[in-house]
Amino acid sequence: MKLYLTPGYQCIASWLSAKGHHAFPFQEEAWQHIVSSKSGLVNAPTGCGKTFSVFLGSVIRFINQHPTDYKSKSKNGLQLLWITPLRALAKDIGRAMEEVIEELGMSWTVGIRNGDTTQAERARQKKQLPEVLIITPESLHLFLAQKGYADAFKNLQLIAVDEWHELMGSKRGVQVELAISRIVNSHRKSMATKPPMIWGISATIGNLSDAKDVLLSAIREEGVIVKAQMKKQIVVESVLPDEIENYPWAGHLGIKLIHKVIPIIEQSKTTLIFINTRGMSERWYQELLNHAPEFAGAIALHHGSIEQELRLWVEEALHTAKLKAVVCTASLDLGVDFRPVETVIQVGSPKGVSRFLQRAGRSGHSPDAVSKIYFLPTHSLELVEAAALKNAIDEELIESKEPMLLCFDVLIQYLNTLAISDGFKPEEIFAEVKSTYCYRDLLQEEWEEVLKFLTEGGKALQQYDDYKKIEVIDGLYKITSRRIAMQHRLNIGTIVSDAMLKVRMQSGGYVGVIEEYFISRLEPGDCFTLAGRNLELLQIKDMTVLVKKSTSKKTIVPSWNGGRMSLTANLGRKLRETFNDVADAGKIMGSKNQAPELVHLSSLFQLQQQLSHIPKDNELLIEHHESKDGYHLLVYPFEGRQVHEAMSAILAYRIGKIAPLTFSIAMNDYGFELLCDQPIPVDDTNASELFTLNDLTADIQRSVNATEMARRKFRDIAVIGGLITQTAPGEQKKARHLQASASLLFNVFSEYDSKNVLLRQAYQEVFDQQMEEVRLRNAFTRIGNSTIVITVPQKFTPLCFPIIADGLNRNNLSSENIEDRIRRMQAQLMKD
DNA sequence: GACCTGCTGCGGTTTG
């Protein structure tokens, strides 16, 4: 085949589609920008060939510039640096690139540099870098920790950042910002040629133009956004329980609808079943096999605690349709472009619009195909969320990603990184660091404090030699100790996780990992489930759990200590609006264009309306309940559990000023509960006062234990900043040990250096991330403009049910007891 | 620092 590269690019496009690659609708626009050396951001739904578009742009540019010798094996040096957040993606991308290169008859080679790269390959790369290098943010920083790193970038044309929407908003994104600032400026200083362009590749997010600005900040260029103006067609179908009356009002597993999932799996070639937690995914896998034994060997399990090798096999087998279905957690959210499936099922709330869309996008994977996703509610009310999601998708109400600001821990790690390779000159690096979006507001005195910390251990730690890492030699900041250098390299990165023990079969082969605290509760002989296998604990040795296969029917499903996804602001808002549609319960029965989910729930809404009230989006509903457990106050802001956590504490504090009461608090994504042994004095006369914006800041400080929260946040900060080392050669520190030393440091800083930047950062992270202070404040403002409706229902209402049920968990009842009790409560309600 | 449903992501070089 003959390829005409300039001026018409159509030939490549048609060649691509002949090869089965989808042409990105606006790829020519992207190519033209790249050819003319502009930087920017490419955005389109998944499966539109964004990756190819950027890659080909750089290829075309190269060929245009070297029309006579792009086929010769001259040593071109590194041309394209491809940053991707996932190791697993590197191989697929690399293979596709090689295919294109071969077709074009080019001499380029493609290399991968990450934790999986072998020593031999590293050595080869050291001698000669490939033209294209695919790398993770962490490995890129390790690259900057190598002597003479700047040399490698001297011919670099383009830095591409794949999945930028995933990286931005995390500290990994900050690492990318810093690395770009370094590469671009080292280039600028030493070379006469133009510094490399920067191109981001992003799925749709609410603040796309911010995403571009964050990425391009260090090169001080406006840049362009190349956006495919196309709407991906998405069909959402809820899996409806036959009789809503008999479907649980509370719960998280949703296994009761398993009989409706089996035909969906049977009817499609490949299916992904997204489950919210690792523990529940293990149970779903088991139950699927119990209900449909013929699935044995045709379905598999995939989550973050399962051994890598096993996971890779599962991904491959799904890709080649050897497997019919995979039960997974967020572990299969990414890695989209090259491994589509036919059907996607989401079990339980996806907590946000974009996560739901992303998962839907794994099916029907081409620009014009329809993506279909089934939504399976784990309790009745979750069907409202399904209706809300549909509306949100129609309106393209996609969440924004907020870029992180002034992460001093990442900055300290980065400066140590530079200090172990070539060393750095503060004046030069300060300007560079300030050119990034993250550190643009960095103050001179903060910078100096950081430098002081690096060289002297700062105010609080100056007695300890361990914290004097950097020496100043002729104005050059450098780490000369090989021990410190090695330790630092081992700890580069911003992902801090709990100590996990590896689980290994007695007969050989690893199964996965399990948390220290979980396994410490088990005795040898106990049985648990991991990766879908029943295992008997034999012994624990050297951070490894030795197990053998068990035939025991009674096993414990581990619970891992994961993050707590909160409902996003967008989905919360949509949820409140959806209640508008049903606020007049009579409307539901009559209306034909009502969402099927809402029609299905009509009996539940009628009950809610009859017993209490259905809140509209300009109302806040408060319910008083009385039970043998005491007096319950239920509030429904629909703001997600994190906001509710702070809001409930503030409310408890404010009520406490009226009467000295103590509460026990429970919450979910829809609302929260204050439980008390005495009547709770909240009524029409004081309700709006209790939700006032006045004195909010002070009341937050008085009610929320920010110090305790900051202490926990500080652990990660201390690890990232290198104050505590997680991994020393041949040793993994125990989680408890880590927590203890972090806590100690927190105390030292609080006492001797209370204005310390890392300490301040810990509090800032609590306010920004944990309490979501901006959102909390917005919620108080919204409530201030709403009508507060207070009801005193005679019985528990459908809305209060899941929250009170979660509250029961608090009180040390065994899970069996709770299930029985909920069933009894619900049966009682339905009877009369 | 715990368990109350609770995700994902990464990771050694230099010099002898």
# chains A, B, ... in the order shown; residues from 1 in each chain; ligands from 1
call {"tool": "closest_atom_pairs", "arguments": {"of": "chain B", "to": "chain A", "cutoff": "7 Å", "atoms": "only C-alpha atoms (C1' of nucleotides)", "output": "JSON lines"}}
result
{"residue": "B:DC4", "atom": "C1'", "partner": "A:Arg810", "partner_atom": "CA", "distance": 5.1}
{"residue": "B:DT5", "atom": "C1'", "partner": "A:His252", "partner_atom": "CA", "distance": 6.5}
{"residue": "B:DG6", "atom": "C1'", "partner": "A:Arg564", "partner_atom": "CA", "distance": 5.0}
{"residue": "B:DC7", "atom": "C1'", "partner": "A:Ala330", "partner_atom": "CA", "distance": 5.4}
{"residue": "B:DT8", "atom": "C1'", "partner": "A:Ser331", "partner_atom": "CA", "distance": 5.9}
{"residue": "B:DC10", "atom": "C1'", "partner": "A:Glu138", "partner_atom": "CA", "distance": 6.1}
{"residue": "B:DG11", "atom": "C1'", "partner": "A:Gly115", "partner_atom": "CA", "distance": 6.1}
{"residue": "B:DG12", "atom": "C1'", "partner": "A:Arg489", "partner_atom": "CA", "distance": 5.8}
call {"tool": "select_by_dssp", "arguments": {"residues": "range 413-656 of chain A", "states": "strand (DSSP E)", "output": "PyMOL selection string"}}
result
chain A and resi 471-473+476-478+500-505+510-515+527-530+533-541+544-549+619-627+630-636
call {"tool": "closest_residue", "arguments": {"among": "A:Asn246, A:Ser688, A:Ser520, A:Met106", "to": "DC3 in chain B", "atoms": "only C-alpha atoms (C1' of nucleotides)"}}
result
A:Ser520
call {"tool": "atom_distance", "arguments": {"atom1": "CA of Met505 in chain A", "atom2": "CA of Leu535 in chain A"}}
result
8.6 Å
call {"tool": "atom_distance", "arguments": {"atom1": "CA of Lys256 in chain A", "atom2": "CA of Glu287 in chain A"}}
result
10.2 Å
call {"tool": "atom_distance", "arguments": {"atom1": "CA of Gln608 in chain A", "atom2": "CA of Pro798 in chain A"}}
result
6.0 Å
